file data.txt (compact mmCIF, C-alpha atoms)
# COMPACT_ATOMS: atom_id res chain seq x y z
CA MET A 1 13.74 -5.72 14.28
CA LYS A 2 12.03 -8.66 15.97
CA PRO A 3 12.67 -12.18 14.70
CA ALA A 4 9.95 -14.24 13.09
CA VAL A 5 7.00 -15.12 15.33
CA ARG A 6 5.29 -18.24 14.06
CA VAL A 7 2.15 -19.93 15.30
CA ALA A 8 0.12 -23.00 14.33
CA LEU A 9 -3.60 -22.41 13.96
CA ASP A 10 -5.73 -25.20 12.50
CA ALA A 11 -8.91 -24.58 10.52
CA GLY A 12 -11.26 -25.45 13.38
CA ARG A 13 -9.51 -23.17 15.85
CA ARG A 14 -9.37 -20.36 13.28
CA SER A 15 -13.11 -20.57 12.62
CA GLU A 16 -13.82 -20.67 16.34
CA LEU A 17 -11.75 -17.57 17.08
CA ALA A 18 -12.74 -15.59 13.97
CA PRO A 19 -16.19 -16.68 12.71
CA TYR A 20 -16.70 -14.02 10.00
CA ALA A 21 -15.30 -14.88 6.56
CA LEU A 22 -14.61 -12.60 3.57
CA ALA A 23 -12.55 -12.82 0.39
CA ALA A 24 -10.94 -10.38 -2.06
CA THR A 25 -9.06 -10.79 -5.35
CA LEU A 26 -5.94 -9.01 -6.61
CA PRO A 27 -5.05 -9.21 -10.33
CA LEU A 28 -1.42 -10.26 -10.55
CA GLY A 29 -0.01 -10.56 -14.06
CA GLU A 30 -2.09 -13.10 -15.95
CA THR A 31 -3.38 -14.64 -12.73
CA ASN A 32 -5.29 -13.65 -9.60
CA LEU A 33 -4.17 -13.70 -5.99
CA GLU A 34 -7.00 -14.59 -3.61
CA VAL A 35 -7.01 -13.06 -0.14
CA LYS A 36 -9.20 -14.66 2.51
CA PHE A 37 -10.14 -12.96 5.77
CA ARG A 38 -11.27 -14.51 9.04
CA ILE A 39 -12.46 -11.79 11.46
CA GLU A 40 -13.40 -11.94 15.12
CA ASP A 41 -14.96 -8.49 15.61
CA PRO A 42 -18.44 -8.26 13.99
CA ALA A 43 -18.15 -4.49 13.55
CA LEU A 44 -14.84 -4.88 11.70
CA ALA A 45 -16.34 -7.69 9.62
CA ASP A 46 -19.16 -5.34 8.63
CA CYS A 47 -16.66 -2.60 7.70
CA MET A 48 -14.46 -4.91 5.66
CA GLY A 49 -17.53 -6.41 4.01
CA ALA A 50 -18.46 -2.94 2.81
CA ARG A 51 -14.94 -2.46 1.54
CA ILE A 52 -14.53 -5.82 -0.18
CA ALA A 53 -17.97 -5.49 -1.77
CA SER A 54 -16.77 -2.26 -3.37
CA HIS A 55 -14.14 -4.01 -5.49
CA ALA A 56 -14.78 -3.68 -9.19
CA PRO A 57 -15.20 -6.92 -11.17
CA VAL A 58 -11.94 -8.66 -12.07
CA ALA A 59 -11.46 -10.45 -15.37
CA VAL A 60 -11.67 -14.22 -15.11
CA ARG A 61 -8.14 -15.46 -14.49
CA PRO A 62 -6.77 -18.54 -12.76
CA VAL A 63 -5.99 -18.20 -9.06
CA ALA A 64 -2.22 -18.50 -8.64
CA ALA A 65 -2.25 -18.55 -4.84
CA THR A 66 -4.49 -18.05 -1.83
CA VAL A 67 -3.30 -16.16 1.26
CA SER A 68 -5.10 -15.48 4.52
CA ALA A 69 -5.37 -12.77 7.15
CA THR A 70 -6.93 -13.71 10.48
CA LEU A 71 -7.93 -10.62 12.44
CA LEU A 72 -8.28 -11.08 16.19
CA SER A 73 -9.55 -8.32 18.46
CA GLY A 74 -7.58 -9.07 21.63
CA SER A 75 -3.89 -9.30 22.45
CA ALA A 76 -1.96 -12.49 21.74
CA MET A 77 -2.17 -13.49 25.41
CA ASN A 78 -5.96 -13.76 25.17
CA TYR A 79 -5.97 -16.81 22.88
CA ASP A 80 -3.66 -19.34 24.52
CA LEU A 81 -1.41 -19.44 21.45
CA ALA A 82 1.92 -19.50 23.30
CA ILE A 83 2.88 -16.07 21.98
CA GLU A 84 4.58 -13.44 24.10
CA GLN A 85 2.82 -10.25 25.12
CA GLY A 86 3.22 -7.33 22.74
CA VAL A 87 3.39 -9.28 19.46
CA ARG A 88 1.19 -7.54 16.90
CA ARG A 89 1.38 -10.16 14.16
CA ALA A 90 2.28 -13.81 13.81
CA LEU A 91 2.74 -16.09 10.82
CA ASN A 92 1.06 -19.42 10.13
CA THR A 93 3.49 -20.80 7.55
CA ARG A 94 1.41 -23.85 6.67
CA ALA A 95 -1.65 -21.77 5.81
CA HIS A 96 0.24 -18.82 4.23
CA GLU A 97 -1.49 -16.68 6.82
CA VAL A 98 -0.78 -13.59 8.89
CA ILE A 99 -2.56 -13.43 12.25
CA ALA A 100 -3.12 -9.91 13.56
CA PHE A 101 -3.82 -9.20 17.22
CA GLY A 102 -5.61 -6.16 18.62
CA CYS A 103 -7.11 -5.64 15.17
CA THR A 104 -10.34 -3.61 15.30
CA THR A 105 -9.99 -1.00 12.52
CA MET A 106 -9.97 -1.12 8.73
CA MET A 107 -6.46 0.33 8.63
CA GLU A 108 -5.14 -2.46 10.86
CA ALA A 109 -6.99 -4.97 8.69
CA ASP A 110 -5.35 -3.44 5.60
CA LEU A 111 -1.88 -3.77 7.12
CA ALA A 112 -2.51 -7.42 7.94
CA MET A 113 -3.77 -8.03 4.40
CA ARG A 114 -0.70 -6.33 2.90
CA SER A 115 1.59 -8.43 5.07
CA ALA A 116 -0.16 -11.66 4.08
CA ILE A 117 0.15 -10.74 0.40
CA ALA A 118 3.75 -9.55 0.68
CA ILE A 119 5.16 -12.66 2.30
CA SER A 120 3.41 -14.87 -0.27
CA LEU A 121 4.28 -13.06 -3.52
CA PRO A 122 6.31 -14.75 -6.26
CA GLU A 123 9.99 -13.77 -6.27
CA ARG A 124 9.78 -11.02 -8.87
CA PHE A 125 6.86 -9.23 -7.19
CA GLU A 126 7.10 -6.77 -4.31
CA SER A 127 4.54 -4.97 -2.18
CA MET A 128 4.88 -1.16 -2.19
CA HIS A 129 3.71 1.54 0.21
CA GLY A 130 2.86 4.45 -2.05
CA ALA A 131 0.65 5.93 -4.75
CA LEU A 132 0.41 5.35 -8.49
CA LEU A 133 -0.49 8.35 -10.66
CA ARG A 134 -1.14 8.49 -14.37
CA LEU A 135 -0.41 12.04 -15.55
CA LYS A 136 -1.19 13.39 -18.99
CA ASN A 137 -0.37 16.88 -20.17
CA PRO A 138 -2.65 17.75 -23.15
CA LEU A 139 0.32 19.54 -24.75
CA ASP A 140 2.33 16.33 -24.58
CA ALA A 141 1.40 13.15 -26.45
CA ARG A 142 2.69 10.81 -23.72
CA THR A 143 1.10 9.64 -20.48
CA ARG A 144 3.46 9.09 -17.55
CA THR A 145 2.82 6.65 -14.72
CA VAL A 146 4.54 7.74 -11.52
CA ALA A 147 5.07 5.67 -8.37
CA LEU A 148 5.34 7.91 -5.29
CA LEU A 149 6.96 6.00 -2.42
CA GLY A 150 7.56 7.35 1.05
CA ALA A 151 6.76 7.14 4.74
CA SER A 152 3.43 8.33 6.08
CA GLY A 153 3.67 12.11 6.19
CA ALA A 154 6.46 12.41 3.61
CA GLY A 155 4.26 14.42 1.24
CA LYS A 156 2.66 11.93 -1.18
CA SER A 157 -0.88 13.23 -0.66
CA HIS A 158 0.17 16.87 -1.10
CA ILE A 159 1.70 16.12 -4.50
CA ILE A 160 -1.40 14.16 -5.55
CA ALA A 161 -3.68 17.00 -4.41
CA GLN A 162 -1.68 19.58 -6.36
CA PHE A 163 -1.94 17.58 -9.58
CA LEU A 164 -5.66 16.96 -9.03
CA ALA A 165 -6.13 20.72 -8.69
CA ASP A 166 -3.93 21.55 -11.70
CA PRO A 167 -6.14 22.14 -14.79
CA GLY A 168 -3.15 21.50 -17.02
CA TYR A 169 -3.16 17.76 -16.32
CA GLU A 170 -5.47 14.80 -16.72
CA VAL A 171 -4.99 12.64 -13.63
CA ASP A 172 -5.88 9.03 -12.88
CA LEU A 173 -5.16 7.78 -9.39
CA VAL A 174 -4.49 4.09 -9.99
CA ALA A 175 -3.55 3.33 -6.37
CA GLU A 176 -3.65 5.76 -3.45
CA ASP A 177 -1.66 4.03 -0.70
CA TRP A 178 -0.47 0.56 -1.69
CA PHE A 179 0.19 -1.62 -4.71
CA VAL A 180 2.20 -4.60 -5.92
CA ALA A 181 4.96 -4.20 -8.52
CA CYS A 182 6.70 -6.68 -10.80
CA VAL A 183 10.34 -5.65 -10.61
CA ALA A 184 11.24 -7.39 -13.86
CA THR A 185 8.67 -5.54 -16.00
CA GLY A 186 7.81 -2.45 -13.93
CA ARG A 187 4.15 -3.38 -14.18
CA ALA A 188 2.12 -2.50 -11.07
CA TYR A 189 -1.12 -4.04 -9.80
CA SER A 190 -3.68 -2.74 -7.32
CA LEU A 191 -6.92 -3.94 -5.82
CA PRO A 192 -9.69 -2.70 -8.15
CA GLU A 193 -11.56 -0.70 -5.52
CA GLN A 194 -14.46 1.62 -6.21
CA ARG A 195 -14.09 2.91 -2.64
CA ILE A 196 -10.84 3.70 -0.88
CA LEU A 197 -9.93 4.09 2.78
CA LEU A 198 -8.71 7.63 3.51
CA LYS A 199 -8.17 10.00 6.39
CA HIS A 200 -10.75 12.77 6.53
CA GLU A 201 -7.93 15.35 6.36
CA THR A 202 -6.63 13.71 3.16
CA VAL A 203 -10.07 13.90 1.59
CA ALA A 204 -10.25 17.61 2.45
CA LEU A 205 -6.83 18.03 0.83
CA TYR A 206 -7.92 16.24 -2.35
CA SER A 207 -11.12 18.28 -2.49
CA GLY A 208 -9.20 21.56 -2.73
CA PHE A 209 -11.41 24.57 -2.24
CA GLY A 210 -14.62 22.62 -2.89
CA PRO A 211 -16.72 20.79 -0.30
CA ALA A 212 -15.40 17.40 0.75
CA PRO A 213 -17.71 14.49 -0.11
CA GLU A 214 -19.44 12.58 2.64
CA PRO A 215 -17.97 9.14 3.36
CA SER A 216 -19.75 6.15 1.90
CA TYR A 217 -18.95 4.07 4.99
CA THR A 218 -17.48 5.08 8.36
CA ASP A 219 -15.31 2.89 10.54
CA PRO A 220 -16.86 3.13 14.04
CA ALA A 221 -13.55 2.14 15.66
CA ASP A 222 -11.45 4.73 13.81
CA GLY A 223 -12.75 8.28 13.70
CA THR A 224 -9.85 9.47 11.52
CA ARG A 225 -10.64 7.35 8.45
CA ALA A 226 -13.59 6.27 6.33
CA LEU A 227 -14.41 4.75 2.95
CA PHE A 228 -14.99 7.23 0.12
CA ASP A 229 -16.34 6.62 -3.38
CA THR A 230 -13.58 7.38 -5.89
CA ASP A 231 -15.95 8.81 -8.52
CA ARG A 232 -17.21 11.36 -5.98
CA LEU A 233 -13.77 12.31 -4.75
CA PHE A 234 -11.58 12.58 -7.83
CA VAL A 235 -12.42 15.11 -10.52
CA THR A 236 -11.23 12.91 -13.38
CA GLY A 237 -12.15 9.74 -11.60
CA SER A 238 -10.08 6.65 -10.98
CA ASP A 239 -9.76 3.66 -13.25
CA GLY A 240 -10.71 1.45 -10.32
CA GLY A 241 -7.35 -0.18 -9.93
CA GLY A 242 -5.89 -2.80 -12.23
CA GLU A 243 -2.56 -2.49 -14.03
CA ALA A 244 -0.06 0.20 -15.04
CA VAL A 245 3.59 0.23 -16.13
CA ILE A 246 5.76 2.48 -13.93
CA ASP A 247 7.72 5.04 -15.92
CA THR A 248 9.08 7.08 -13.02
CA LEU A 249 9.84 6.08 -9.44
CA VAL A 250 10.04 8.86 -6.84
CA VAL A 251 11.14 8.24 -3.25
CA LEU A 252 10.08 11.02 -0.86
CA ARG A 253 12.31 11.60 2.16
CA ALA A 254 10.97 14.17 4.62
CA GLU A 255 14.32 14.43 6.40
CA SER A 256 17.69 15.16 4.80
CA SER A 257 21.18 15.81 6.11
CA ALA A 258 21.76 18.21 3.19
CA ASP A 259 19.72 21.05 1.74
CA PRO A 260 16.47 19.87 0.10
CA HIS A 261 17.24 18.51 -3.33
CA VAL A 262 16.20 16.15 -6.10
CA ARG A 263 18.68 13.63 -7.41
CA ARG A 264 18.65 10.55 -9.57
CA LEU A 265 18.20 7.30 -7.65
CA MET A 266 20.93 4.79 -8.45
CA ALA A 267 20.61 1.03 -8.10
CA GLU A 268 22.92 1.07 -5.07
CA ASP A 269 20.53 3.51 -3.38
CA ALA A 270 17.85 0.86 -2.79
CA GLN A 271 18.45 1.35 0.93
CA TRP A 272 17.01 4.84 0.48
CA ILE A 273 13.76 3.32 -0.66
CA ARG A 274 13.62 0.94 2.26
CA ALA A 275 14.57 3.55 4.86
CA GLY A 276 12.55 6.22 3.13
CA GLU A 277 9.36 4.23 3.47
CA TYR A 278 9.88 3.68 7.18
CA SER A 279 7.87 5.98 9.42
CA ALA A 280 8.36 6.39 13.17
CA TYR A 281 4.86 4.97 13.74
CA TYR A 282 5.49 1.76 11.82
CA GLN A 283 8.93 1.33 13.31
CA ALA A 284 7.62 1.70 16.87
CA ASN A 285 4.29 -0.09 16.57
CA GLU A 286 4.06 -2.40 13.61
CA GLN A 287 7.51 -3.87 12.91
CA LEU A 288 6.78 -3.44 9.21
CA LEU A 289 9.48 -2.86 6.65
CA ASP A 290 7.70 0.00 4.92
CA GLY A 291 4.04 0.11 5.91
CA SER A 292 3.18 -2.66 3.47
CA THR A 293 5.49 -5.60 4.12
CA GLU A 294 5.82 -7.68 7.26
CA VAL A 295 9.41 -8.73 7.91
CA PHE A 296 9.93 -12.16 9.42
CA THR A 297 13.44 -13.05 8.25
CA ALA A 298 16.66 -11.43 7.09
CA VAL A 299 16.27 -13.32 3.81
CA GLN A 300 13.07 -11.36 3.10
CA VAL A 301 14.91 -8.07 3.69
CA ASP A 302 17.73 -9.10 1.32
CA ARG A 303 15.27 -10.19 -1.34
CA ARG A 304 13.37 -6.94 -1.08
CA LEU A 305 16.48 -4.80 -1.41
CA ALA A 306 17.55 -6.78 -4.48
CA ASN A 307 14.12 -6.32 -6.03
CA LEU A 308 14.11 -2.60 -5.30
CA ARG A 309 17.46 -2.31 -7.07
CA ARG A 310 16.01 -4.05 -10.11
CA LEU A 311 13.00 -1.74 -10.15
CA ALA A 312 15.21 1.35 -9.83
CA GLU A 313 17.36 0.14 -12.72
CA ARG A 314 14.46 -0.25 -15.13
CA THR A 315 12.66 3.03 -14.34
CA SER A 316 13.52 6.69 -14.30
CA ALA A 317 14.05 6.97 -10.54
CA PHE A 318 14.63 9.96 -8.27
CA VAL A 319 14.99 10.84 -4.58
CA PHE A 320 13.26 13.98 -3.28
CA ALA A 321 15.38 14.61 -0.17
CA GLY A 322 13.86 17.05 2.31
CA SER A 323 10.49 16.61 0.60
CA HIS A 324 8.66 18.79 3.16
CA ALA A 325 10.67 21.80 2.03
CA LEU A 326 10.43 21.06 -1.70
CA ASN A 327 7.62 21.95 -4.07
CA GLY A 328 7.12 18.34 -5.11
CA HIS A 329 4.49 19.27 -7.68
CA ALA A 330 6.86 21.65 -9.49
CA ALA A 331 9.82 19.26 -9.20
CA LEU A 332 7.84 16.37 -10.66
CA GLN A 333 6.51 18.59 -13.46
CA SER A 334 10.02 19.54 -14.49
CA LEU A 335 11.17 15.92 -14.42
CA LEU A 336 8.24 14.53 -16.39
CA PHE A 337 7.41 17.36 -18.75
CA PRO A 338 10.58 19.45 -19.30
CA ARG A 339 10.09 22.57 -21.31

call {"tool": "encode", "arguments": {"input": "data.txt", "output": "structure tokens"}}
result
Amino acid sequence: MKPAVRVALDAGRRSELAPYALAATLPLGETNLEVKFRIEDPALADCMGARIASHAPVAVRPVAATVSATLLSGSAMNYDLAIEQGVRRALNTRAHEVIAFGCTTMMEADLAMRSAIAISLPERFESMHGALLRLKNPLDARTRTVALLGASGAGKSHIIAQFLADPGYEVDLVAEDWFVACVATGRAYSLPEQRILLKHETVALYSGFGPAPEPSYTDPADGTRALFDTDRLFVTGSDGGGEAVIDTLVVLRAESSADPHVRRLMAEDAQWIRAGEYSAYYQANEQLLDGSTEVFTAVQVDRRLANLRRLAERTSAFVFAGSHALNGHAALQSLLFPR
């Protein structure tokens, strides 16, 4: 893991390098977190404008903090910032800002935004790479909110698709890929998006046997992903983000040294969550802790592990080891709605 890479970038230099400005708001408890973007690439600015404009209205709340993501198209060496070649992100501590280099796609912009949010969150909040599902079985009076955490490719989307296709459940997809959780209360928060960024293959998976909807906005720099309207994609719709209290935490691990199994996640297993969220892509290319959090110091890693332990302690938490070989849909059904 690389050590912190810090850089000073004053307001004038930032505006010169990245002239396009955007802003988004994340509801966080009783306050809002404001995220400001400065973008160099006009095509990416257009894409992110379409995405930010799709956010549903947020209730009027005071802004607790403002964080920034500056998205630069070239490598670090192009900007005379005294940063070594190969650095993908740097931190401007004075401005609470993450600076991303070689950033030309919406997915890269998302990762920079997540990093900027994660390193600026209050102590009891943590950024999570995963999905939030509200599941209701009409034969059961309760609604369960499940957090599915795991590396890219661990099987989150397959479980979501199976529940969306299951007529026995009412499903709300609160967050599809990323959210923020308060470890003290288990309450989770997501950007209230009316459009979400998805791979085309994921959209086909969610559409089941029906025709996949056309994207509402395509990223010209990334042919694998596009923005899709949630009300056209999900049969029962999405609540457009907001808040939910996590009842059950599931960590998906594609690999396992033992036979595929489901077991209860103990507080001392927080390392499973951290390692389980790591994918080979992020480890090789992004130096991210889990696809959502930029790591700059060992203190941040220790804090995150402590917070994950707290979240595991206050929820019903499980590890799906060898998740590729498990029927995650059936396993989750039996955990949530035992007969």

call {"tool": "atom_distance", "arguments": {"input": "data.txt", "atom1": "CA of Glu176 (chain A)", "atom2": "CA of Glu268 (chain A)"}}
result
27.0 Å

call {"tool": "residues_around", "arguments": {"input": "data.txt", "residues": "region 105-114 of chain A", "least_positions_apart": "2", "cutoff": "8 Å", "atoms": "only C-alpha atoms", "output": "count of residues only"}}
result
24

call {"tool": "residues_around", "arguments": {"input": "data.txt", "residues": "Val171 (chain A)", "least_positions_apart": "2", "cutoff": "7 Å", "atoms": "all atoms listed in the file", "output": "CSV table (one decimal) with C-alpha atoms, in the frame of the given file"}}
result
chain,number,residue,atom,x,y,z
A,133,LEU,CA,-0.5,8.4,-10.7
A,134,ARG,CA,-1.1,8.5,-14.4
A,135,LEU,CA,-0.4,12.0,-15.6
A,136,LYS,CA,-1.2,13.4,-19.0
A,164,LEU,CA,-5.7,17.0,-9.0
A,169,TYR,CA,-3.2,17.8,-16.3
A,173,LEU,CA,-5.2,7.8,-9.4
A,236,THR,CA,-11.2,12.9,-13.4

call {"tool": "residues_near_point", "arguments": {"input": "data.txt", "point": "(7.8, 18.9, -18.2)", "cutoff": "12 Å", "atoms": "all atoms listed in the file", "output": "list in words"}}
result
Leu135, Lys136, Asn137, Pro138, Leu139, Asp140, Ala141, Arg142, Thr143, Arg144, Gly168, Tyr169, His329, Ala330, Ala331, Leu332, Gln333, Ser334, Leu335, Leu336, Phe337, Pro338 and Arg339 of chain A

call {"tool": "atom_distance", "arguments": {"input": "data.txt", "atom1": "CA of Arg187 (chain A)", "atom2": "CA of Ser120 (chain A)"}}
result
18.1 Å

call {"tool": "atom_distance", "arguments": {"input": "data.txt", "atom1": "CA of Ala18 (chain A)", "atom2": "CA of Glu84 (chain A)"}}
result
20.2 Å

call {"tool": "residues_near_point", "arguments": {"input": "data.txt", "point": "(-12.5, -12.9, 13.3)", "cutoff": "8 Å", "atoms": "only C-alpha atoms", "output": "ChimeraX atom specification"}}
result
/A:15,17-21,37-42,45,70-73

call {"tool": "closest_residue", "arguments": {"input": "data.txt", "among": "A:Val67, A:Ala267, A:Leu28, A:Ala8", "to": "Ser190 (chain A)", "atoms": "all atoms listed in the file"}}
result
A:Leu28

call {"tool": "closest_residue", "arguments": {"input": "data.txt", "among": "A:Gly102, A:Gly86, A:Pro122, A:Pro260", "to": "Thr31 (chain A)", "atoms": "all atoms listed in the file"}}
result
A:Pro122

call {"tool": "closest_residue", "arguments": {"input": "data.txt", "among": "A:Ala50, A:Leu191, A:Gly12, A:Cys182", "to": "Asn32 (chain A)", "atoms": "all atoms listed in the file"}}
result
A:Leu191

call {"tool": "residues_around", "arguments": {"input": "data.txt", "residues": "Ala154 (chain A)", "least_positions_apart": "4", "cutoff": "6 Å", "atoms": "all atoms listed in the file", "output": "PyMOL selection string"}}
result
chain A and resi 150+252+254

call {"tool": "residues_around", "arguments": {"input": "data.txt", "residues": "Leu249 (chain A)", "least_positions_apart": "6", "cutoff": "6 Å", "atoms": "all atoms listed in the file", "output": "VMD selection string"}}
result
chain A and resid 146 to 147 317

call {"tool": "closest_residue", "arguments": {"input": "data.txt", "among": "A:Gln194, A:Gly208, A:Ala181, A:Glu34", "to": "Phe125 (chain A)", "atoms": "only C-alpha atoms"}}
result
A:Ala181

call {"tool": "residues_around", "arguments": {"input": "data.txt", "residues": "Gln162 (chain A)", "least_positions_apart": "4", "cutoff": "10 Å", "atoms": "all atoms listed in the file", "output": "PyMOL selection string"}}
result
chain A and resi 157-158+166-167+205-206+208+327-330
